[in-house]
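Enquirer: Here you go, start.pdb (PDB, C-alpha atoms):
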```
ATOM      1  CA  MET A1127      20.194 -32.657 -37.025
ATOM      2  CA  ASP A1128      18.963 -30.872 -40.142
ATOM      3  CA  PHE A1129      21.724 -28.329 -40.700
ATOM      4  CA  SER A1130      20.114 -26.996 -43.876
ATOM      5  CA  ALA A1131      16.944 -26.051 -42.000
ATOM      6  CA  LEU A1132      18.994 -24.510 -39.190
ATOM      7  CA  TRP A1133      21.046 -22.556 -41.705
ATOM      8  CA  SER A1134      17.903 -21.330 -43.454
ATOM      9  CA  ALA A1135      16.405 -20.217 -40.142
ATOM     10  CA  ASP A1136      19.578 -18.341 -39.190
ATOM     11  CA  VAL A1137      19.793 -16.633 -42.587
ATOM     12  CA  TYR A1138      16.179 -15.524 -42.310
ATOM     13  CA  ALA A1139      16.494 -14.316 -38.709
ATOM     14  CA  TRP A1140      19.811 -12.476 -39.085
ATOM     15  CA  CYS A1141      19.774 -11.350 -42.717
ATOM     16  CA  ILE A1142      16.426 -11.433 -44.494
ATOM     17  CA  LEU A1143      14.239 -10.317 -41.580
ATOM     18  CA  PRO A1144      16.365  -7.241 -40.673
ATOM     19  CA  VAL A1145      16.367  -6.143 -44.315
ATOM     20  CA  LEU A1146      12.584  -6.506 -44.511
ATOM     21  CA  ILE A1147      12.169  -4.571 -41.270
ATOM     22  CA  PHE A1148      14.507  -1.858 -42.533
ATOM     23  CA  LEU A1149      12.617  -1.440 -45.823
ATOM     24  CA  ALA A1150       9.198  -1.591 -44.204
ATOM     25  CA  ARG A1151      10.226   1.017 -41.629
ATOM     26  CA  ILE A1152      11.432   3.336 -44.388
ATOM     27  CA  LEU A1153       8.069   2.962 -46.088
ATOM     28  CA  ASP A1154       5.896   3.591 -43.044
ATOM     29  CA  VAL A1155       7.941   6.542 -41.750
ATOM     30  CA  SER A1156       7.926   8.094 -45.232
ATOM     31  CA  LEU A1157       4.160   7.710 -45.311
ATOM     32  CA  GLY A1158       3.991   9.315 -41.866
ATOM     33  CA  THR A1159       6.000  12.315 -43.048
ATOM     34  CA  ILE A1160       3.762  12.720 -46.084
ATOM     35  CA  ARG A1161       0.662  12.362 -43.880
ATOM     36  CA  ILE A1162       1.838  15.225 -41.661
ATOM     37  CA  ILE A1163       2.478  17.330 -44.747
ATOM     38  CA  PHE A1164      -1.023  16.558 -46.008
ATOM     39  CA  ILE A1165      -2.471  17.653 -42.665
ATOM     40  CA  SER A1166      -0.529  20.928 -42.767
ATOM     41  CA  ARG A1167      -1.803  21.518 -46.335
ATOM     42  CA  ASP A1168      -5.403  20.837 -45.224
ATOM     43  CA  LEU A1169      -5.698  17.769 -47.489
ATOM     44  CA  LYS A1170      -8.051  16.092 -45.038
ATOM     45  CA  TYR A1171      -9.176  13.281 -47.352
ATOM     46  CA  PHE A1172      -5.695  12.030 -48.211
ATOM     47  CA  ALA A1173      -4.215  12.089 -44.695
ATOM     48  CA  PRO A1174      -6.459   9.313 -43.208
ATOM     49  CA  PHE A1175      -5.884   7.124 -46.281
ATOM     50  CA  ILE A1176      -2.105   7.426 -45.880
ATOM     51  CA  GLY A1177      -2.399   6.913 -42.108
ATOM     52  CA  PHE A1178      -4.200   3.579 -42.567
ATOM     53  CA  PHE A1179      -1.327   2.026 -44.520
ATOM     54  CA  GLU A1180       1.257   3.686 -42.288
ATOM     55  CA  VAL A1181      -0.115   2.033 -39.152
ATOM     56  CA  LEU A1182      -0.731  -1.272 -40.937
ATOM     57  CA  ILE A1183       2.901  -1.515 -41.998
ATOM     58  CA  TRP A1184       4.076  -0.486 -38.526
ATOM     59  CA  LEU A1185       1.970  -3.224 -36.897
ATOM     60  CA  LEU A1186       3.366  -5.855 -39.268
ATOM     61  CA  VAL A1187       6.923  -4.763 -38.442
ATOM     62  CA  ILE A1188       6.309  -4.831 -34.690
ATOM     63  CA  ARG A1189       4.722  -8.269 -34.998
ATOM     64  CA  GLN A1190       7.788  -9.638 -36.767
ATOM     65  CA  ILE A1191      10.099  -8.188 -34.122
ATOM     66  CA  MET A1192       8.007  -9.661 -31.315
ATOM     67  CA  LEU A1193       7.988 -13.083 -33.007
ATOM     68  CA  SER A1194      11.749 -13.052 -33.528
ATOM     69  CA  GLU A1195      14.195 -13.911 -30.801
ATOM     70  CA  GLY A1196      14.574 -11.256 -28.148
ATOM     71  CA  ASN A1197      18.356 -11.158 -28.500
ATOM     72  CA  ASN A1198      18.235 -10.352 -32.234
ATOM     73  CA  VAL A1199      20.073  -7.050 -32.055
ATOM     74  CA  ILE A1200      20.237  -6.795 -35.851
ATOM     75  CA  CYS A1201      16.455  -6.420 -36.036
ATOM     76  CA  LEU A1202      16.528  -3.607 -33.483
ATOM     77  CA  ILE A1203      19.284  -1.814 -35.380
ATOM     78  CA  ALA A1204      17.384  -2.284 -38.651
ATOM     79  CA  TYR A1205      14.261  -0.830 -37.006
ATOM     80  CA  ALA A1206      16.105   2.294 -35.830
ATOM     81  CA  ALA A1207      18.003   2.695 -39.106
ATOM     82  CA  GLY A1208      14.767   2.369 -41.063
ATOM     83  CA  PHE A1209      13.175   5.108 -38.975
ATOM     84  CA  ALA A1210      16.078   7.493 -39.644
ATOM     85  CA  SER A1211      16.191   6.664 -43.349
ATOM     86  CA  GLY A1212      12.417   6.955 -43.672
ATOM     87  CA  THR A1213      12.513  10.477 -42.251
ATOM     88  CA  PHE A1214      15.054  11.484 -44.884
ATOM     89  CA  VAL A1215      13.110   9.809 -47.688
ATOM     90  CA  GLY A1216       9.899  11.535 -46.573
ATOM     91  CA  MET A1217      11.579  14.947 -46.713
ATOM     92  CA  TYR A1218      12.945  14.151 -50.161
ATOM     93  CA  LEU A1219       9.516  13.099 -51.399
ATOM     94  CA  GLU A1220       8.049  16.386 -50.162
ATOM     95  CA  ASN A1221      10.457  18.310 -52.389
ATOM     96  CA  VAL A1222       9.804  15.997 -55.330
ATOM     97  CA  LEU A1223       6.012  16.160 -55.065
ATOM     98  CA  SER A1224       6.030  19.977 -54.660
ATOM     99  CA  PHE A1225       2.350  20.223 -53.768
ATOM    100  CA  GLY A1226       0.702  23.037 -51.876
ATOM    101  CA  ARG A1227       0.986  26.797 -52.082
ATOM    102  CA  VAL A1228       3.442  29.293 -50.670
ATOM    103  CA  LEU A1229       3.589  33.016 -50.053
ATOM    104  CA  ILE A1230       6.556  34.781 -51.613
ATOM    105  CA  ARG A1231       7.411  38.164 -50.118
ATOM    106  CA  ILE A1232       9.896  40.290 -52.067
ATOM    107  CA  ILE A1233      11.522  43.392 -50.552
ATOM    108  CA  THR A1234      13.610  45.553 -52.852
ATOM    109  CA  ARG A1235      15.158  49.025 -52.685
ATOM    110  CA  LYS A1236      15.394  49.165 -56.455
ATOM    111  CA  GLU A1237      12.431  50.285 -58.509
ATOM    112  CA  ALA A1238      10.533  47.028 -59.035
ATOM    113  CA  GLY A1239       8.456  48.054 -62.039
ATOM    114  CA  ASP A1240      10.095  45.665 -64.513
ATOM    115  CA  LEU A1241       9.967  42.785 -62.060
ATOM    116  CA  VAL A1242       6.311  43.412 -61.219
ATOM    117  CA  GLU A1243       5.277  43.729 -64.865
ATOM    118  CA  TYR A1244       7.087  40.563 -65.885
ATOM    119  CA  LEU A1245       5.527  38.573 -63.031
ATOM    120  CA  LYS A1246       2.080  39.868 -63.960
ATOM    121  CA  GLU A1247       2.524  39.037 -67.616
ATOM    122  CA  SER A1248       3.745  35.587 -66.609
ATOM    123  CA  GLY A1249       0.393  34.985 -64.937
ATOM    124  CA  TYR A1250       1.216  35.512 -61.267
ATOM    125  CA  GLY A1251      -1.128  37.514 -59.077
ATOM    126  CA  LEU A1252       0.677  40.240 -57.152
ATOM    127  CA  THR A1253       0.134  42.803 -54.448
ATOM    128  CA  CYS A1254       2.586  45.725 -54.292
ATOM    129  CA  VAL A1255       3.012  48.039 -51.306
ATOM    130  CA  ASN A1256       5.282  51.048 -50.795
ATOM    131  CA  ALA A1257       7.039  50.866 -47.423
ATOM    132  CA  THR A1258      10.018  52.230 -45.525
ATOM    133  CA  GLY A1259      12.955  50.075 -44.520
ATOM    134  CA  ALA A1260      15.975  50.679 -42.313
ATOM    135  CA  THR A1261      17.832  52.426 -45.147
ATOM    136  CA  GLY A1262      14.955  54.195 -46.869
ATOM    137  CA  PRO A1263      11.964  53.567 -49.128
ATOM    138  CA  VAL A1264      11.376  49.994 -50.288
ATOM    139  CA  LYS A1265       8.855  48.148 -52.404
ATOM    140  CA  LEU A1266       7.022  45.105 -51.005
ATOM    141  CA  VAL A1267       5.723  42.551 -53.492
ATOM    142  CA  PHE A1268       3.496  39.687 -52.333
ATOM    143  CA  SER A1269       2.449  36.686 -54.390
ATOM    144  CA  VAL A1270       0.830  33.324 -53.592
ATOM    145  CA  VAL A1271       2.066  30.634 -55.983
ATOM    146  CA  GLU A1272       2.163  26.878 -56.332
ATOM    147  CA  ARG A1273       5.151  25.296 -54.645
ATOM    148  CA  HIS A1274       6.490  23.919 -57.925
ATOM    149  CA  ASP A1275       6.660  27.501 -59.248
ATOM    150  CA  ILE A1276       9.270  28.521 -56.645
ATOM    151  CA  PRO A1277      12.353  27.878 -58.858
ATOM    152  CA  ASN A1278      10.815  29.932 -61.678
ATOM    153  CA  ILE A1279       9.898  32.833 -59.363
ATOM    154  CA  VAL A1280      13.353  32.862 -57.755
ATOM    155  CA  SER A1281      15.045  32.868 -61.170
ATOM    156  CA  ILE A1282      12.899  35.838 -62.228
ATOM    157  CA  ILE A1283      13.781  37.733 -59.040
ATOM    158  CA  LYS A1284      17.489  37.117 -59.544
ATOM    159  CA  ARG A1285      17.206  38.114 -63.186
ATOM    160  CA  PHE A1286      15.590  41.497 -62.568
ATOM    161  CA  ASN A1287      16.987  42.311 -59.119
ATOM    162  CA  PRO A1288      19.645  39.910 -57.794
ATOM    163  CA  ASN A1289      20.040  41.958 -54.591
ATOM    164  CA  ALA A1290      16.366  41.743 -53.637
ATOM    165  CA  PHE A1291      15.477  40.167 -50.283
ATOM    166  CA  TYR A1292      12.725  37.555 -50.421
ATOM    167  CA  THR A1293      11.087  35.065 -48.076
ATOM    168  CA  ILE A1294       8.953  31.997 -48.784
ATOM    169  CA  GLU A1295       6.306  30.749 -46.360
ATOM    170  CA  ASP A1296       3.811  27.887 -46.472
ATOM    171  CA  VAL A1297       0.145  28.784 -46.961
ATOM    172  CA  ARG A1298      -2.552  26.548 -45.508
ATOM    173  CA  PHE A1299      -5.612  28.082 -47.169
ATOM    174  CA  VAL A1300      -6.101  30.553 -50.028
ATOM    175  CA  SER A1301      -9.344  32.300 -50.966
ATOM    176  CA  GLU A1302      -9.875  32.478 -54.718
ATOM    177  CA  ASN A1303     -13.016  34.624 -54.698
ATOM    178  CA  VAL A1304     -11.462  37.704 -56.290
ATOM    179  CA  LEU A1305      -9.158  36.460 -59.053
ATOM    180  CA  PRO A1306      -8.161  33.093 -60.509
ATOM    181  CA  PHE A1307      -5.259  31.788 -58.495
ATOM    182  CA  ARG A1308      -3.020  31.291 -61.507
ATOM    183  CA  ILE A1309      -3.586  32.577 -65.013
ATOM    184  CA  LYS A1310      -3.152  29.676 -67.380
ATOM    185  CA  GLU A1311      -0.573  29.785 -70.131
ATOM    186  CA  SER A1312      -3.261  30.104 -72.789
ATOM    187  CA  ARG A1313      -4.561  33.293 -71.151
ATOM    188  CA  MET A1314      -1.207  35.019 -70.799
ATOM    189  CA  PRO A1315      -0.762  38.362 -72.586
ATOM    190  CA  ILE A1316       0.897  38.266 -75.984
ATOM    191  CA  SER A1317       3.680  40.558 -74.717
ATOM    192  CA  ALA A1318       4.659  37.964 -72.099
ATOM    193  CA  LEU A1319       4.941  35.246 -74.737
ATOM    194  CA  PHE A1320       7.023  37.521 -76.965
ATOM    195  CA  GLN A1321       9.226  38.434 -74.006
ATOM    196  CA  ARG A1322       9.865  34.747 -73.220
ATOM    197  CA  ARG A1323      10.823  33.987 -76.811
ATOM    198  CA  THR A1324      13.213  36.906 -77.074
ATOM    199  CA  ALA A1325      14.779  35.954 -73.737
ATOM    200  CA  LYS A1326      15.753  32.611 -75.241
TER
END
```
Let me see whether you can do it: turn the structure in this file into structure tokens.

Expert:
Amino acid sequence: MDFSALWSADVYAWCILPVLIFLARILDVSLGTIRIIFISRDLKYFAPFIGFFEVLIWLLVIRQIMLSEGNNVICLIAYAAGFASGTFVGMYLENVLSFGRVLIRIITRKEAGDLVEYLKESGYGLTCVNATGATGPVKLVFSVVERHDIPNIVSIIKRFNPNAFYTIEDVRFVSENVLPFRIKESRMPISALFQRRTAK
């Protein structure tokens, strides 16, 4: 009996194969999460491309499980663990990529003139509305920004009015017929540049 061959087969079936299944499952589930995000962002050309590789990897994993012994519980556990880990990795990648646009709605009881002016001079398009809240008059400020601009917007809100209430919602489609979506840095007013330098 060739014990070396038997040992190699056991190592592959109970160690190497589960690890490969685990890693491949992380990859295909992560791609699936990103594909769903692309669909929600109306990126219709990227979603099918991602879906092709997602299904291809999934088929290869299923094939390896079907070819392995039916009592290989380690492969089944690796499959389930890879699915769970892939979901987490996909969510993490969404935050890292930071693509898409969001609607930021700011509600403040304080006079929001300084906040509004600073956001405008920073290049963000705004819509301001006077409204009435449960405790009296309030100011509503709306802005559609790139997702990666969220930390900057939130820091500005906290700087000018730390007690302001704000919400952030995903935006599927934005019309840019009226104004450029985002004023580039080179087109920002001189006062905004001076204000940034003095803030440092």

Enquirer: Can you work out which one of A:Ile1276, A:Leu1193, A:Ile1162, A:Cys1201 has the shortest atom-to-atom distance to A:Leu1149, counting only C-alpha atoms?

Expert: A:Cys1201

Enquirer: Could you pull the residues within 12 Å of stretch 1282-1289 of chain A, counting all atoms listed in the file, minus those fewer than 5 positions along the same chain, as a PDB file with C-alpha atoms, in the frame of the given file?

Expert:
```pdb
ATOM      1  CA  ILE A1230       6.556  34.781 -51.613  1.00  0.00           C
ATOM      2  CA  ARG A1231       7.411  38.164 -50.118  1.00  0.00           C
ATOM      3  CA  ILE A1232       9.896  40.290 -52.067  1.00  0.00           C
ATOM      4  CA  ILE A1233      11.522  43.392 -50.552  1.00  0.00           C
ATOM      5  CA  THR A1234      13.610  45.553 -52.852  1.00  0.00           C
ATOM      6  CA  ARG A1235      15.158  49.025 -52.685  1.00  0.00           C
ATOM      7  CA  LYS A1236      15.394  49.165 -56.455  1.00  0.00           C
ATOM      8  CA  GLU A1237      12.431  50.285 -58.509  1.00  0.00           C
ATOM      9  CA  ALA A1238      10.533  47.028 -59.035  1.00  0.00           C
ATOM     10  CA  GLY A1239       8.456  48.054 -62.039  1.00  0.00           C
ATOM     11  CA  ASP A1240      10.095  45.665 -64.513  1.00  0.00           C
ATOM     12  CA  LEU A1241       9.967  42.785 -62.060  1.00  0.00           C
ATOM     13  CA  VAL A1242       6.311  43.412 -61.219  1.00  0.00           C
ATOM     14  CA  GLU A1243       5.277  43.729 -64.865  1.00  0.00           C
ATOM     15  CA  TYR A1244       7.087  40.563 -65.885  1.00  0.00           C
ATOM     16  CA  LEU A1245       5.527  38.573 -63.031  1.00  0.00           C
ATOM     17  CA  LYS A1246       2.080  39.868 -63.960  1.00  0.00           C
ATOM     18  CA  SER A1248       3.745  35.587 -66.609  1.00  0.00           C
ATOM     19  CA  TYR A1250       1.216  35.512 -61.267  1.00  0.00           C
ATOM     20  CA  VAL A1267       5.723  42.551 -53.492  1.00  0.00           C
ATOM     21  CA  ASP A1275       6.660  27.501 -59.248  1.00  0.00           C
ATOM     22  CA  ILE A1276       9.270  28.521 -56.645  1.00  0.00           C
ATOM     23  CA  PRO A1277      12.353  27.878 -58.858  1.00  0.00           C
ATOM     24  CA  ARG A1322       9.865  34.747 -73.220  1.00  0.00           C
ATOM     25  CA  ALA A1325      14.779  35.954 -73.737  1.00  0.00           C
TER      26      ALA A1325
END
```

Enquirer: Would you mind reading off the distance between atom CA of A:Thr1159 and atom CA of A:Glu1180, one decimal, in Å?

Expert: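 Going from atom CA of A:Thr1159 over to atom CA of A:Glu1180 covers 9.9 Å.
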
Enquirer: How many Å separate atom CA of A:Asn1278 from atom CA of A:Arg1167?

Expert: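 Atom CA of A:Arg1167 lies 21.6 Å from atom CA of A:Asn1278.
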
Enquirer: I'd like the interatomic distance between atom CA of A:Leu1182 and atom CA of A:Asp1154, to a tenth of an Å.

Expert: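 Interatomic distance, atom CA of A:Leu1182 to atom CA of A:Asp1154: 8.5 Å.
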
Enquirer: May I have the residues within 7 Å of stretch 1202-1209 of chain A as a PyMOL selection string, using all atoms listed in the file and disregarding those fewer than 3 positions away in the same chain?

Expert: chain A and resi 1144-1145+1147-1149+1151-1152+1155+1199+1212-1213

Enquirer: Taking all atoms listed in the file into account, which of A:Ala1150, A:Val1297, A:Leu1169, A:Leu1223 comes nearest A:His1274?

Expert: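 Checking each candidate against A:His1274, we get A:Leu1223 as the closest.
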
Enquirer: If you apply the PyMOL selection byres ((chain A and resi 1217) around 12) to this file, what residues do you get, as a list of chain:residue names?

Expert: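 On the file shown, the PyMOL selection byres ((chain A and resi 1217) around 12) covers A:Ile1152, A:Val1155, A:Ser1156, A:Leu1157, A:Gly1158, A:Thr1159, A:Ile1160, A:Arg1161, A:Ile1162, A:Ile1163, A:Ala1210, A:Ser1211, A:Gly1212, A:Thr1213, A:Phe1214, A:Val1215, A:Gly1216, A:Tyr1218, A:Leu1219, A:Glu1220, A:Asn1221, A:Val1222, A:Leu1223, A:Ser1224.
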
Enquirer: Anything within 12 Å of (-4.8, 22.4, -45.2): list those residues as a list of chain:residue names, counting all atoms listed in the file and sticking to the file's coordinates.

Expert: A:Arg1161, A:Ile1162, A:Ile1163, A:Phe1164, A:Ile1165, A:Ser1166, A:Arg1167, A:Asp1168, A:Leu1169, A:Lys1170, A:Tyr1171, A:Phe1172, A:Ala1173, A:Phe1225, A:Gly1226, A:Arg1227, A:Asp1296, A:Val1297, A:Arg1298, A:Phe1299, A:Val1300
